[in-house]
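Chemist: File target31.txt below, compact mmCIF, C-alpha atoms:
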# COMPACT_ATOMS: atom_id res chain seq x y z
CA MET Y 263 -2.59 8.65 -29.94
CA PHE Y 264 -6.33 7.99 -29.68
CA ASP Y 265 -7.20 11.21 -31.45
CA ARG Y 266 -8.22 9.81 -34.84
CA ASN Y 267 -10.53 7.22 -36.36
CA PHE Y 268 -9.76 3.53 -36.70
CA GLU Y 269 -8.74 3.67 -40.36
CA SER Y 270 -5.94 6.14 -39.55
CA PHE Y 271 -4.00 3.62 -37.44
CA ASN Y 272 -1.13 1.47 -38.68
CA LEU Y 273 0.71 -1.36 -36.98
CA GLY Y 274 3.84 0.02 -35.35
CA ASP Y 275 2.46 3.55 -34.84
CA THR Y 276 4.25 4.94 -31.79
CA TYR Y 277 3.37 7.73 -29.38
CA ILE Y 278 5.41 9.13 -26.48
CA SER Y 279 3.56 11.36 -24.02
CA ALA Y 280 4.63 14.39 -22.07
CA CYS Y 281 6.08 13.81 -18.58
CA ARG Y 282 4.36 14.17 -15.23
CA THR Y 283 6.29 14.18 -11.96
CA ILE Y 284 4.85 12.18 -9.07
CA GLN Y 285 4.26 14.37 -6.01
CA PRO Y 286 3.57 13.43 -2.35
CA GLU Y 287 0.01 14.69 -2.84
CA ASP Y 288 -0.53 12.09 -5.59
CA ILE Y 289 0.01 9.33 -3.03
CA ASP Y 290 -2.27 11.01 -0.49
CA ILE Y 291 -5.04 11.68 -3.01
CA PHE Y 292 -4.93 8.17 -4.45
CA ALA Y 293 -4.96 6.64 -0.95
CA GLU Y 294 -7.97 8.77 -0.02
CA TRP Y 295 -10.18 8.03 -2.99
CA SER Y 296 -9.15 4.38 -3.45
CA GLY Y 297 -9.13 3.46 0.23
CA ASP Y 298 -5.69 1.85 -0.22
CA ARG Y 299 -3.77 3.14 2.78
CA TYR Y 300 -1.11 0.44 2.84
CA PRO Y 301 1.76 1.82 4.95
CA LEU Y 302 4.39 1.39 2.21
CA HIS Y 303 2.53 4.19 0.42
CA THR Y 304 1.25 6.31 3.28
CA ASP Y 305 3.59 5.94 6.28
CA GLN Y 306 7.08 7.43 5.84
CA ALA Y 307 8.48 5.79 9.01
CA TYR Y 308 7.26 2.36 7.93
CA ALA Y 309 8.42 2.83 4.32
CA GLU Y 310 11.95 3.67 5.53
CA THR Y 311 12.18 0.18 7.10
CA THR Y 312 11.38 -1.57 3.81
CA ARG Y 313 13.72 -2.53 0.97
CA TYR Y 314 12.61 0.63 -0.86
CA GLY Y 315 13.63 2.98 1.96
CA GLU Y 316 10.93 5.50 1.06
CA ARG Y 317 7.26 5.74 0.21
CA ILE Y 318 6.30 4.45 -3.21
CA PHE Y 319 3.34 5.36 -5.36
CA HIS Y 320 0.50 2.85 -5.69
CA GLY Y 321 0.76 0.63 -8.76
CA LEU Y 322 -2.84 1.35 -9.68
CA GLY Y 323 -2.14 5.05 -9.21
CA THR Y 324 0.67 4.73 -11.75
CA LEU Y 325 -1.76 3.01 -14.09
CA SER Y 326 -4.34 5.78 -13.60
CA ILE Y 327 -1.89 8.61 -14.20
CA SER Y 328 -0.48 6.76 -17.21
CA PHE Y 329 -3.97 6.69 -18.75
CA GLY Y 330 -4.27 10.40 -18.06
CA LEU Y 331 -1.15 11.04 -20.17
CA ILE Y 332 -2.75 9.44 -23.25
CA PRO Y 333 -4.70 11.80 -25.51
CA LEU Y 334 -8.29 10.64 -26.00
CA LYS Y 335 -10.48 12.52 -28.45
CA ALA Y 336 -14.25 12.31 -28.66
CA PRO Y 337 -16.03 11.11 -30.71
CA GLU Y 338 -13.18 8.95 -32.13
CA VAL Y 339 -12.79 7.04 -28.85
CA ILE Y 340 -15.91 5.02 -28.12
CA ALA Y 341 -14.67 3.13 -25.05
CA LEU Y 342 -11.82 1.40 -23.28
CA TYR Y 343 -12.42 -2.16 -24.43
CA GLY Y 344 -9.76 -4.04 -22.51
CA LEU Y 345 -6.74 -3.90 -20.26
CA ASP Y 346 -4.53 -6.98 -20.12
CA HIS Y 347 -1.17 -8.19 -18.89
CA VAL Y 348 -0.54 -5.29 -16.49
CA ARG Y 349 2.87 -5.61 -14.87
CA PHE Y 350 4.44 -3.32 -12.28
CA LEU Y 351 8.13 -3.62 -13.08
CA ARG Y 352 9.80 -1.11 -10.76
CA PRO Y 353 8.66 1.08 -7.87
CA VAL Y 354 7.62 4.64 -8.63
CA THR Y 355 8.91 7.06 -6.00
CA ILE Y 356 8.12 10.67 -5.22
CA GLY Y 357 9.91 12.91 -7.69
CA THR Y 358 9.88 10.38 -10.53
CA ALA Y 359 8.93 11.94 -13.86
CA ILE Y 360 6.89 9.43 -15.83
CA HIS Y 361 5.85 9.33 -19.46
CA VAL Y 362 4.03 6.74 -21.55
CA ARG Y 363 5.19 4.98 -24.70
CA LEU Y 364 2.47 3.38 -26.85
CA VAL Y 365 3.06 1.09 -29.82
CA CYS Y 366 0.17 -0.15 -31.97
CA THR Y 367 0.30 -3.96 -32.05
CA ASN Y 368 -3.06 -5.10 -33.45
CA LEU Y 369 -5.98 -3.75 -35.46
CA ARG Y 370 -9.27 -5.54 -36.00
CA HIS Y 371 -12.83 -4.78 -36.94
CA HIS Y 372 -15.63 -4.92 -34.39
CA GLU Y 373 -19.37 -4.66 -34.95
CA HIS Y 374 -19.40 -1.27 -33.19
CA GLY Y 375 -16.16 0.18 -34.62
CA GLY Y 376 -12.54 -0.87 -34.73
CA LEU Y 377 -10.33 -2.29 -32.01
CA VAL Y 378 -6.89 -0.75 -31.64
CA GLN Y 379 -4.53 -2.65 -29.37
CA VAL Y 380 -1.39 -0.96 -28.09
CA HIS Y 381 1.46 -2.04 -25.88
CA MET Y 382 1.87 0.62 -23.19
CA THR Y 383 5.09 1.10 -21.27
CA THR Y 384 5.27 3.68 -18.51
CA GLU Y 385 8.87 4.86 -18.24
CA ASP Y 386 10.83 7.15 -15.95
CA GLN Y 387 12.86 10.20 -16.95
CA ASP Y 388 15.79 7.91 -17.85
CA TRP Y 389 13.58 5.73 -20.11
CA ASN Y 390 13.58 2.82 -17.65
CA PRO Y 391 10.35 0.78 -17.81
CA LEU Y 392 8.20 1.03 -14.68
CA MET Y 393 4.95 -0.59 -15.79
CA SER Y 394 3.62 -2.31 -18.90
CA ALA Y 395 0.18 -3.29 -20.15
CA GLU Y 396 -1.82 -4.14 -23.24
CA ILE Y 397 -4.65 -1.69 -23.89
CA THR Y 398 -7.46 -2.19 -26.38
CA MET Y 399 -9.59 0.77 -27.37
CA LEU Y 400 -12.85 0.67 -29.30
CA MET Y 401 -12.54 3.40 -31.92
CA ARG Y 402 -14.98 4.97 -34.34
CA ARG Y 403 -14.73 3.71 -37.91
CA HIS Y 404 -15.06 6.13 -40.78
CA PRO Y 405 -18.58 5.94 -42.22
Have the structure of the file written as structure tokens, please.
Modeler:
Amino acid sequence: MFDRNFESFNLGDTYISACRTIQPEDIDIFAEWSGDRYPLHTDQAYAETTRYGERIFHGLGTLSISFGLIPLKAPEVIALYGLDHVRFLRPVTIGTAIHVRLVCTNLRHHEHGGLVQVHMTTEDQDWNPLMSAEITMLMRRHP
């Protein structure tokens, strides 16, 4: 979605990404580089005793992978300007195929470009919402 300049956006523009399936290695890698080794994520025996019955992926890992599913094109994207109202709605388990749905909700001028706000919903393979957030990107304006 963020592959064009500010003037090319319209309210209601929608983008649905490709899917990515969460693997056990995703949990291990995220735990290693983030330092978040909470046993619900990293310890199978512990996770089996919880209400989830299995290991679940880190919420912030879901957020990170969700961002990775969004196309960003330089030089149109100047910067991530804001991330608001992040909500983790359902657990993401190993084997879940996630995709991202973006809907443009606000457009406004900024001294350094244009701000494009989108509502992001990360969904599973059955279109169930797993996570939601408001993202604001600072985009290049056409000269």
Chemist: Have a look at Y:Leu345, Y:Ile332, Y:Ile340, Y:Ala280 and name the one nearest to Met401 of chain Y; count only C-alpha atoms.
Modeler: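 Looking only at the distances to Met401 of chain Y, the closest residue turns out to be Y:Ile340.
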Chemist: Between Y:Met382, Y:Ala341, Y:His371, Y:Gly330, which residue has the minimum interatomic distance to Cys281 of chain Y, considering all atoms listed in the file?
Modeler: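 Going through Y:Met382, Y:Ala341, Y:His371, Y:Gly330 one by one, the smallest distance to Cys281 of chain Y is for Y:Gly330.
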Chemist: Closest to Gly321 of chain Y among Y:Thr398, Y:Thr367, Y:Thr283, Y:Ser296, using only C-alpha atoms?
Modeler: Y:Ser296
Chemist: Can you work out which one of Y:Thr384, Y:Asn267, Y:Gln306, Y:Thr324 has the shortest atom-to-atom distance to Ser279 of chain Y, counting only C-alpha atoms?
Modeler: Y:Thr384
Chemist: Let me have the centre and edge lengths in Å, one decimal, of the box along x, y and z around every listed atom of segment 352-363 of chain Y with 6 Å of margin on each side, as JSON.
Modeler:
{"center_x": 7.0, "center_y": 5.9, "center_z": -15.0, "size_x": 17.9, "size_y": 26.0, "size_z": 31.5}
Chemist: Any idea what the distance is between atom CA of Asn272 of chain Y and atom CA of Val365 of chain Y?
Modeler: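 Atom CA of Asn272 of chain Y sits 9.8 Å away from atom CA of Val365 of chain Y.
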Chemist: Pick out the closest residue to Val354 of chain Y from this set: Y:Trp295, Y:Leu400, Y:Ile289, Y:His372. Count all atoms listed in the file.
Modeler: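 Among the listed residues, the smallest separation from Val354 of chain Y belongs to Y:Ile289.
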Chemist: Could you work out how far atom CA of Arg363 of chain Y lies from atom CA of Thr276 of chain Y, giving the answer in Å with one decimal?
Modeler: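 Spanning atom CA of Thr276 of chain Y to atom CA of Arg363 of chain Y is a straight-line distance of 7.2 Å.
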Chemist: Measuring between only C-alpha atoms, which one of Y:Val380, Y:Ile397, Y:Leu392, Y:Leu342 shows the shortest distance to Phe271 of chain Y?
Modeler: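 Among the listed residues, Y:Val380 lies closest to Phe271 of chain Y.
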Chemist: Taking 5 positions as the minimum chain separation for residues in the same chain, which residues sit within 10 Å of Asp298 of chain Y when counting all atoms listed in the file? Answer as a list in words.
Modeler: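 Result of the neighbour search: Ile289, Asp290, Phe292, Ala293, His303, Thr304, His320 and Leu322 of chain Y.
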Chemist: Please produce a file of those selected residues containing C-alpha atoms, as an mmCIF file, in the coordinates of the input.
Modeler:
data_model
loop_
_atom_site.group_PDB
_atom_site.id
_atom_site.type_symbol
_atom_site.label_atom_id
_atom_site.label_comp_id
_atom_site.auth_asym_id
_atom_site.auth_seq_id
_atom_site.Cartn_x
_atom_site.Cartn_y
_atom_site.Cartn_z
ATOM 1 C CA ILE Y 289 0.010 9.330 -3.030
ATOM 2 C CA ASP Y 290 -2.270 11.010 -0.490
ATOM 3 C CA PHE Y 292 -4.930 8.170 -4.450
ATOM 4 C CA ALA Y 293 -4.960 6.640 -0.950
ATOM 5 C CA HIS Y 303 2.530 4.190 0.420
ATOM 6 C CA THR Y 304 1.250 6.310 3.280
ATOM 7 C CA HIS Y 320 0.500 2.850 -5.690
ATOM 8 C CA LEU Y 322 -2.840 1.350 -9.680
#
Chemist: How many Å separate atom CA of Ile327 of chain Y from atom CA of Gly375 of chain Y?
Modeler: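 Straight-line distance from atom CA of Ile327 of chain Y to atom CA of Gly375 of chain Y works out to 26.3 Å.
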Chemist: Identify, on the basis of only C-alpha atoms, every residue whose closest approach to Leu273 of chain Y does not exceed 12 Å; exclude the query and any residue fewer than 3 positions from it along the same chain; express the result as a ChimeraX atom specification.
Modeler: /Y:268-270,276,364-370,378-381
Chemist: Neighbouring residues of Thr355 of chain Y were defined as those with any atom within 9 Å, considering only C-alpha atoms; residues of the same chain fewer than 5 positions away were excluded. Please report them as number ranges by chain.
Modeler: Y: 284-285, 316-319
